[in-house]
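Peer 1: Quick one: this structure, given as structure tokens, is what I'll be asking you about.
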There are 2 protein chains.
Amino acid sequence: MPLQDFSKHRLLAPGPVPLSEKVRQSLSAPMIHHRTPEFEAILQSCWKNLQWMFQTTQPVLILPTTGSGGMEAVMTNTLSPGDSVLVVVSGKFGERWKKMAEVYGLNAESFDSPWGKKLDLAGFEKKLQSKAYSAVFTQVCETSTATLHPIQEMAALHRRHQKGLFIVDAITAIGCTPLPMEEWGLDGVVAGSQKAFALPTGLAFVALSEKAWKANSHSGIPKFYLDLKKEREANEKGQTHFSSSVTLVRALSVALQEFQEMGLDSLLKLIHKRAQATREGLTAMGLKIYSESPSPSVTAVEVPSALDGAKLRAHIESQYRITLMGGQDHLKGKILRFGHMGNISPDDILASLEALGLACRDFGLQDMSDEKIQSALERAGKILK
Amino acid sequence: MPLQDFSKHRLLAPGPVPLSEKVRQSLSAPMIHHRTPEFEAILQSCWKNLQWMFQTTQPVLILPTTGSGGMEAVMTNTLSPGDSVLVVVSGKFGERWKKMAEVYGLNAESFDSPWGKKLDLAGFEKKLQSKAYSAVFTQVCETSTATLHPIQEMAALHRRHQKGLFIVDAITAIGCTPLPMEEWGLDGVVAGSQKAFALPTGLAFVALSEKAWKANSHSGIPKFYLDLKKEREANEKGQTHFSSSVTLVRALSVALQEFQEMGLDSLLKLIHKRAQATREGLTAMGLKIYSESPSPSVTAVEVPSALDGAKLRAHIESQYRITLMGGQDHLKGKILRFGHMGNISPDDILASLEALGLACRDFGLQDMSDEKIQSALERAGKILK
């Protein structure tokens, strides 16, 4: 011990994530102007490949914002002040939908799903039967608790009982878990560049269903910078509404090309395998997975109750040079989160498991034996093969 | 002839602009997380150096948007629906302020300054005496017409007659022309990364005066993604409100460091010299500068009436590999715009002048003689020495 090389920095956060060599190279390419035939060809390729990623025939818009800007755009472009909406709140990002809805004058109710628990589909159905909502908002994966929601089932229930829109934050879901937008009947889907797309932060990707575009035509919340109709109209002329980030969009075209070559199924399988290896490894070390419905994009592990999770995280960063994320709000110090997206290697995963084991011991956790750590690495290693 | 090398691509647009080698290298650096001490140090250095660029003691916020997002943020964070505002409209970007104000329910009046003409200060003063406005919005440089407005004088007149805010779009001004925010009494200043900062598009920089922050506390336009108070509060904890674009902010820290080493005066002088050389060269070729009040950041030249400016621009791009910009709206085909910001060399400027001369001749402009082009290059060359 230690078995892994802790001299290099490893980033295993649920976004941002390590970039591929090709993407990094593209980021340093000389600047070109965004109103040129050369750049229009890049945009066209991105738009086409994003439709493939989202599994939709509707346009996927590229917005010069973070994922939260994309969430805001979907909400403000489909609704009007006073509209009744239902928000699934199962963590920090569900709370974000809720706060946003309140800021924009929507009449927002919550469907509270306890943090880290399986979403109660029967309870959700009952809520959907209770009244008509102009829209229902949810996360696909609630990143703060590393919990995956049963979106296909939720969308089907929604369709059975509601006439409004079903809108999902898929920021840590697209490219991680199956989410065929049209097949499942999703009306709004939002993604962000620094997650499975393995790009720098700064772009959001947004698609609306035909029904959502109809809602857009009479949506009364004011918007200017995030006006999706204007964006779509500009796209139809081969342009973006405001200046495109040439550097980020060019990198997007490279990343999407890589995914195309790999195939969407292979990408999902790869990320799934990393999640599985991490979970098996953590379990082999005697640790408990926090979520009842773990996500393929991120795994949360409970910090042993004798230890302070914030200190543990900082120690893993400084001593083993691995960036993991802690918990937020009432989960602060209680969980550690391992990201599975982006260009991470099997070694990165094994190193993260070993580092956590060694760090627990550094803080005096006696029963984290060499054997336990060894067995965790073996089990994870087998899956990653 | 030709005297210049037309084999390499040269970008002389008023944004985006060529990046420095150091900035390009930084863009391809490995990803790190935005919630780390390492990244906080980068943010702190950016915040400090932006205050130096803006010449303010107030915080300068870094927003993950283009410049237009920054414009929206200043407006929606300081005003309430129904407020009376005055917008200086002297081109496409003044129209943008106006449309934005209308979308957000402001009671917006225009002060129309004819495109490319000197702003009529007496008329502006009269307008300011006519009634009380919650805010006055203007461009420092109206990029669409390459016209610089007399901001110091306008701000002084505003202070004399008005109690509200004086807010400037300085997107093609900061780093190009003196604009000491506090000394001149500017209440809101917006900049964008792809202009004098010589970075990729994707960041806006926004500063408010103390008076504007007071207005913020009772501003009633809803905002969430672009909530400046939340951003400021996050900054006070060493963080940003939403995910930072690590890649772009890291590049910003490199660019700001370069400007610090160079000095603000030297940066302004350099850009001023490029503008002067371009204007003298164009005049020597017998062409007319479009604006009566030319900007240091961008020069617009009138296209000889016998020629189609759109075809001329495309020809310069394809034949001489130089990207210039054309005119917008009613100036389409009538002007060509040369940008002076970013990492452009004296050779780039000479090549752009020669390319324009040769292209005019390619389209049959007989009196564009070798001697005229030669004399233009000599005059520009002397200034650039």
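Chain labels run A, B, ... following the order of the structure tokens; each chain numbers its residues from 1, and ligands are numbered from 1 in the order shown.
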Tell me which protein, DNA and RNA residues are within 7 Å of stretch 148-163 of chain B, counting only C-alpha atoms, leaving out same-chain ones fewer than 5 positions away, and put them as a ChimeraX atom specification.
Peer 2: /B:119,125,128-129,132,140-142,184-186,293-295
Peer 1: Which neighbours of stretch 50-60 of chain B fall inside 9 Å, counting only C-alpha atoms, when residues of the same chain fewer than 6 positions from it are skipped, and could you give them as JSON, numbers by chain?
Peer 2: {"B": [174, 175, 179, 180, 181, 182, 183, 189, 205, 206, 207, 208, 209, 210, 232, 235, 256, 259, 260, 264]}
Peer 1: Tell me as a PyMOL selection string which residues belonging to chain B come within 8 Å of chain A, counting only C-alpha atoms.
Peer 2: chain B and resi 11+13+15-19+24-34+64-66+68-69+72+100+103-104+200-202+222-225+242-247+323
Peer 1: Using only C-alpha atoms, determine which residues lie at most 9 Å from stretch 268-271 of chain A, disregarding the query and same-chain residues fewer than 4 positions distant; provide the list as a PDB file with C-alpha atoms, in the first residue's frame.
Peer 2:
```
ATOM      1  CA  GLY A 175     -25.262  10.749 -22.159  1.00  0.00           C
ATOM      2  CA  CYS A 176     -25.416   8.811 -18.856  1.00  0.00           C
ATOM      3  CA  THR A 177     -28.761   7.057 -18.830  1.00  0.00           C
ATOM      4  CA  PRO A 178     -31.341   6.255 -21.539  1.00  0.00           C
ATOM      5  CA  ALA A 196     -21.396  13.861 -19.869  1.00  0.00           C
ATOM      6  CA  GLY A 263     -22.200   5.044 -30.238  1.00  0.00           C
ATOM      7  CA  LEU A 264     -24.692   6.215 -27.626  1.00  0.00           C
ATOM      8  CA  ALA A 275     -20.871   3.605 -11.446  1.00  0.00           C
ATOM      9  CA  GLN A 276     -21.226  -0.110 -10.815  1.00  0.00           C
ATOM     10  CA  PRO A 296     -25.130   6.109 -13.297  1.00  0.00           C
ATOM     11  CA  SER A 297     -23.625   9.601 -13.444  1.00  0.00           C
ATOM     12  CA  HIS A 340     -18.608   8.951 -13.374  1.00  0.00           C
ATOM     13  CA  MET A 341     -18.797  11.224 -16.408  1.00  0.00           C
ATOM     14  CA  GLY A 342     -16.065  12.472 -18.707  1.00  0.00           C
ATOM     15  CA  LEU A 384     -13.864  -2.175 -15.083  1.00  0.00           C
TER      16      LEU A 384
END
```
Peer 1: Please compute the atom CA of B:Arg379-atom CA of B:Arg279 distance, one decimal, in Å.
Peer 2: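 These two atoms are separated by 9.8 Å.
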Peer 1: Excluding B:Leu282 and any residue of its chain fewer than 4 positions from it, enumerate the residues within 7 Å of it, using only C-alpha atoms, and give them as a list of chain:residue names.
Peer 2: B:Thr278, B:Gly286, B:Leu287, B:Leu353, B:Ala376
Peer 1: Restricting it to N, CA and C atoms, dump the selection as a tab-separated table (two decimals), in the first residue's frame.
Peer 2:
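Result went into selection_38.tsv, see below:
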```
chain	number	residue	atom	x	y	z
B	278	THR	N	-5.20	52.51	-39.37
B	278	THR	CA	-6.22	52.02	-40.29
B	278	THR	C	-6.94	53.19	-40.96
B	286	GLY	N	-8.19	56.98	-50.62
B	286	GLY	CA	-9.31	57.73	-51.17
B	286	GLY	C	-10.67	57.25	-50.67
B	287	LEU	N	-10.65	56.49	-49.59
B	287	LEU	CA	-11.93	55.99	-49.05
B	287	LEU	C	-12.37	56.88	-47.89
B	353	LEU	N	-5.50	46.45	-45.15
B	353	LEU	CA	-5.61	47.62	-46.02
B	353	LEU	C	-5.32	47.23	-47.46
B	376	ALA	N	-1.04	54.21	-48.93
B	376	ALA	CA	-1.82	53.84	-47.74
B	376	ALA	C	-0.97	52.99	-46.79
```
Peer 1: As a VMD selection string, please: every residue in stretch 63-251 of chain B that a backbone DSSP assignment puts in alpha helix (DSSP H).
Peer 2: chain B and resid 67 to 76 92 to 103 121 to 130 151 to 161 181 to 184 210 to 217 228 to 236 246 to 251
Peer 1: Could you find all residues in stretch 252-344 of chain B that DSSP calls strand (DSSP E or B) from the backbone, and write them as a PyMOL selection string?
Peer 2: chain B and resi 289+294+298-302+322-323+325-326+335-339
Peer 1: Counting only C-alpha atoms, figure out which residue out of A:Lys230, A:Ala359, A:Ala212, A:Val303 gets nearest to A:Tyr320.
Peer 2: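 The shortest atom-to-atom distance to A:Tyr320 comes from A:Ala359.
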Peer 1: Taking 3 positions as the minimum chain separation for residues in the same chain, which residues sit within 9 Å of A:Leu3 when counting only C-alpha atoms? Answer as number ranges by chain.
Peer 2: A: 351, 354, 374
Peer 1: Grab the residues selected above and save them as an mmCIF file, in the first residue's frame with all heavy atoms.
Peer 2:
```cif
data_model
loop_
_atom_site.group_PDB
_atom_site.id
_atom_site.type_symbol
_atom_site.label_atom_id
_atom_site.label_comp_id
_atom_site.auth_asym_id
_atom_site.auth_seq_id
_atom_site.Cartn_x
_atom_site.Cartn_y
_atom_site.Cartn_z
ATOM 1 N N ALA A 351 -8.067 4.473 -7.940
ATOM 2 C CA ALA A 351 -7.351 5.408 -7.057
ATOM 3 C C ALA A 351 -8.321 6.114 -6.118
ATOM 4 O O ALA A 351 -8.017 6.334 -4.938
ATOM 5 C CB ALA A 351 -6.588 6.430 -7.891
ATOM 6 N N GLU A 354 -9.266 3.632 -3.362
ATOM 7 C CA GLU A 354 -8.170 3.416 -2.425
ATOM 8 C C GLU A 354 -7.943 4.659 -1.555
ATOM 9 O O GLU A 354 -7.728 4.554 -0.342
ATOM 10 C CB GLU A 354 -6.884 3.055 -3.182
ATOM 11 C CG GLU A 354 -5.782 2.681 -2.206
ATOM 12 C CD GLU A 354 -4.474 2.296 -2.885
ATOM 13 O OE1 GLU A 354 -4.404 2.331 -4.131
ATOM 14 O OE2 GLU A 354 -3.525 1.968 -2.150
ATOM 15 N N GLN A 374 -8.154 -3.790 -0.336
ATOM 16 C CA GLN A 374 -7.693 -4.711 -1.385
ATOM 17 C C GLN A 374 -8.889 -5.359 -2.086
ATOM 18 O O GLN A 374 -8.957 -5.402 -3.317
ATOM 19 C CB GLN A 374 -6.821 -5.785 -0.715
ATOM 20 C CG GLN A 374 -6.176 -6.747 -1.670
ATOM 21 C CD GLN A 374 -5.064 -6.068 -2.456
ATOM 22 O OE1 GLN A 374 -4.239 -5.371 -1.885
ATOM 23 N NE2 GLN A 374 -5.069 -6.244 -3.772
#
```
Peer 1: Might you pull out every residue within 7 Å of A:Leu86, with only C-alpha atoms counted and same-chain residues fewer than 5 positions away left off, and present them as a PDB file with all heavy atoms, in the first residue's frame?
Peer 2:
```
ATOM      1  N   ALA A 108     -46.473  27.612  -7.620  1.00  0.00           N
ATOM      2  CA  ALA A 108     -45.695  26.364  -7.592  1.00  0.00           C
ATOM      3  C   ALA A 108     -46.002  25.513  -6.375  1.00  0.00           C
ATOM      4  O   ALA A 108     -45.943  25.979  -5.247  1.00  0.00           O
ATOM      5  CB  ALA A 108     -44.207  26.679  -7.631  1.00  0.00           C
ATOM      6  N   GLU A 109     -46.358  24.274  -6.637  1.00  0.00           N
ATOM      7  CA  GLU A 109     -46.506  23.294  -5.554  1.00  0.00           C
ATOM      8  C   GLU A 109     -45.361  22.313  -5.635  1.00  0.00           C
ATOM      9  O   GLU A 109     -44.848  22.035  -6.712  1.00  0.00           O
ATOM     10  CB  GLU A 109     -47.805  22.503  -5.728  1.00  0.00           C
ATOM     11  CG  GLU A 109     -49.032  23.270  -5.337  1.00  0.00           C
ATOM     12  CD  GLU A 109     -50.283  22.452  -5.652  1.00  0.00           C
ATOM     13  OE1 GLU A 109     -50.311  21.237  -5.371  1.00  0.00           O
ATOM     14  OE2 GLU A 109     -51.216  23.048  -6.221  1.00  0.00           O
ATOM     15  N   SER A 110     -45.006  21.723  -4.486  1.00  0.00           N
ATOM     16  CA  SER A 110     -43.940  20.718  -4.481  1.00  0.00           C
ATOM     17  C   SER A 110     -44.518  19.328  -4.394  1.00  0.00           C
ATOM     18  O   SER A 110     -45.524  19.099  -3.712  1.00  0.00           O
ATOM     19  CB  SER A 110     -43.041  20.873  -3.250  1.00  0.00           C
ATOM     20  OG  SER A 110     -42.423  22.116  -3.263  1.00  0.00           O
ATOM     21  N   PHE A 111     -43.879  18.398  -5.067  1.00  0.00           N
ATOM     22  CA  PHE A 111     -44.038  16.992  -4.699  1.00  0.00           C
ATOM     23  C   PHE A 111     -42.723  16.615  -4.033  1.00  0.00           C
ATOM     24  O   PHE A 111     -41.696  16.473  -4.694  1.00  0.00           O
ATOM     25  CB  PHE A 111     -44.307  16.118  -5.932  1.00  0.00           C
ATOM     26  CG  PHE A 111     -44.373  14.656  -5.588  1.00  0.00           C
ATOM     27  CD1 PHE A 111     -45.506  14.126  -4.977  1.00  0.00           C
ATOM     28  CD2 PHE A 111     -43.295  13.809  -5.834  1.00  0.00           C
ATOM     29  CE1 PHE A 111     -45.570  12.779  -4.630  1.00  0.00           C
ATOM     30  CE2 PHE A 111     -43.352  12.458  -5.487  1.00  0.00           C
ATOM     31  CZ  PHE A 111     -44.499  11.950  -4.887  1.00  0.00           C
ATOM     32  N   TYR A 133     -51.990  20.892 -13.854  1.00  0.00           N
ATOM     33  CA  TYR A 133     -50.800  21.749 -13.792  1.00  0.00           C
ATOM     34  C   TYR A 133     -50.385  22.130 -15.220  1.00  0.00           C
ATOM     35  O   TYR A 133     -50.391  21.276 -16.108  1.00  0.00           O
ATOM     36  CB  TYR A 133     -49.636  21.009 -13.126  1.00  0.00           C
ATOM     37  CG  TYR A 133     -49.894  20.625 -11.687  1.00  0.00           C
ATOM     38  CD1 TYR A 133     -50.236  19.320 -11.334  1.00  0.00           C
ATOM     39  CD2 TYR A 133     -49.795  21.578 -10.676  1.00  0.00           C
ATOM     40  CE1 TYR A 133     -50.474  18.975 -10.011  1.00  0.00           C
ATOM     41  CE2 TYR A 133     -50.040  21.241  -9.347  1.00  0.00           C
ATOM     42  CZ  TYR A 133     -50.378  19.938  -9.022  1.00  0.00           C
ATOM     43  OH  TYR A 133     -50.615  19.602  -7.721  1.00  0.00           O
ATOM     44  N   ALA A 135     -47.442  22.731 -16.007  1.00  0.00           N
ATOM     45  CA  ALA A 135     -46.199  21.986 -16.232  1.00  0.00           C
ATOM     46  C   ALA A 135     -45.777  21.273 -14.967  1.00  0.00           C
ATOM     47  O   ALA A 135     -46.089  21.711 -13.857  1.00  0.00           O
ATOM     48  CB  ALA A 135     -45.085  22.926 -16.692  1.00  0.00           C
ATOM     49  N   VAL A 136     -45.075  20.158 -15.161  1.00  0.00           N
ATOM     50  CA  VAL A 136     -44.431  19.446 -14.061  1.00  0.00           C
ATOM     51  C   VAL A 136     -42.925  19.487 -14.329  1.00  0.00           C
ATOM     52  O   VAL A 136     -42.482  19.225 -15.451  1.00  0.00           O
ATOM     53  CB  VAL A 136     -44.914  17.989 -13.980  1.00  0.00           C
ATOM     54  CG1 VAL A 136     -44.111  17.200 -12.939  1.00  0.00           C
ATOM     55  CG2 VAL A 136     -46.402  17.943 -13.657  1.00  0.00           C
ATOM     56  N   PHE A 137     -42.176  19.865 -13.305  1.00  0.00           N
ATOM     57  CA  PHE A 137     -40.715  19.944 -13.421  1.00  0.00           C
ATOM     58  C   PHE A 137     -40.064  18.900 -12.524  1.00  0.00           C
ATOM     59  O   PHE A 137     -40.457  18.729 -11.385  1.00  0.00           O
ATOM     60  CB  PHE A 137     -40.223  21.327 -12.973  1.00  0.00           C
ATOM     61  CG  PHE A 137     -40.632  22.438 -13.897  1.00  0.00           C
ATOM     62  CD1 PHE A 137     -41.821  23.122 -13.700  1.00  0.00           C
ATOM     63  CD2 PHE A 137     -39.831  22.785 -14.971  1.00  0.00           C
ATOM     64  CE1 PHE A 137     -42.208  24.150 -14.565  1.00  0.00           C
ATOM     65  CE2 PHE A 137     -40.199  23.809 -15.834  1.00  0.00           C
ATOM     66  CZ  PHE A 137     -41.394  24.490 -15.635  1.00  0.00           C
TER      67      PHE A 137
END
```
Peer 1: Write out as a PDB file with C-alpha atoms, in the first residue's frame the residues lying within 10 Å of A:Glu378, counting only C-alpha atoms and excluding same-chain residues fewer than 4 positions away.
Peer 2:
```
ATOM      1  CA  ALA A 277     -17.508  -0.535 -10.111  1.00  0.00           C
ATOM      2  CA  GLU A 280     -19.282  -2.411  -5.558  1.00  0.00           C
ATOM      3  CA  GLY A 281     -15.924  -1.140  -4.369  1.00  0.00           C
ATOM      4  CA  ALA A 284     -16.747  -4.050  -0.331  1.00  0.00           C
ATOM      5  CA  LEU A 350      -9.440   2.537  -8.406  1.00  0.00           C
ATOM      6  CA  LYS A 372     -11.034  -4.468   2.823  1.00  0.00           C
ATOM      7  CA  ILE A 373      -9.383  -1.926   0.577  1.00  0.00           C
ATOM      8  CA  GLN A 374      -7.693  -4.711  -1.385  1.00  0.00           C
ATOM      9  CA  LYS A 382     -13.056  -6.849 -12.341  1.00  0.00           C
ATOM     10  CA  ILE A 383     -16.044  -4.764 -13.400  1.00  0.00           C
ATOM     11  CA  LEU A 384     -13.864  -2.175 -15.083  1.00  0.00           C
TER      12      LEU A 384
END
```
Peer 1: With only C-alpha atoms as the atoms that count, which of B:Lys92, B:Lys237, B:Lys98, B:Lys332 lies nearest to B:Thr147?
Peer 2: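 Ranked by minimum distance to B:Thr147, first place goes to B:Lys92.
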Peer 1: What is the atom CA of A:Gln139-atom CA of A:Ile289 distance in Å, reported with one decimal?
Peer 2: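 Separating atom CA of A:Gln139 from atom CA of A:Ile289 is a distance of 19.8 Å.
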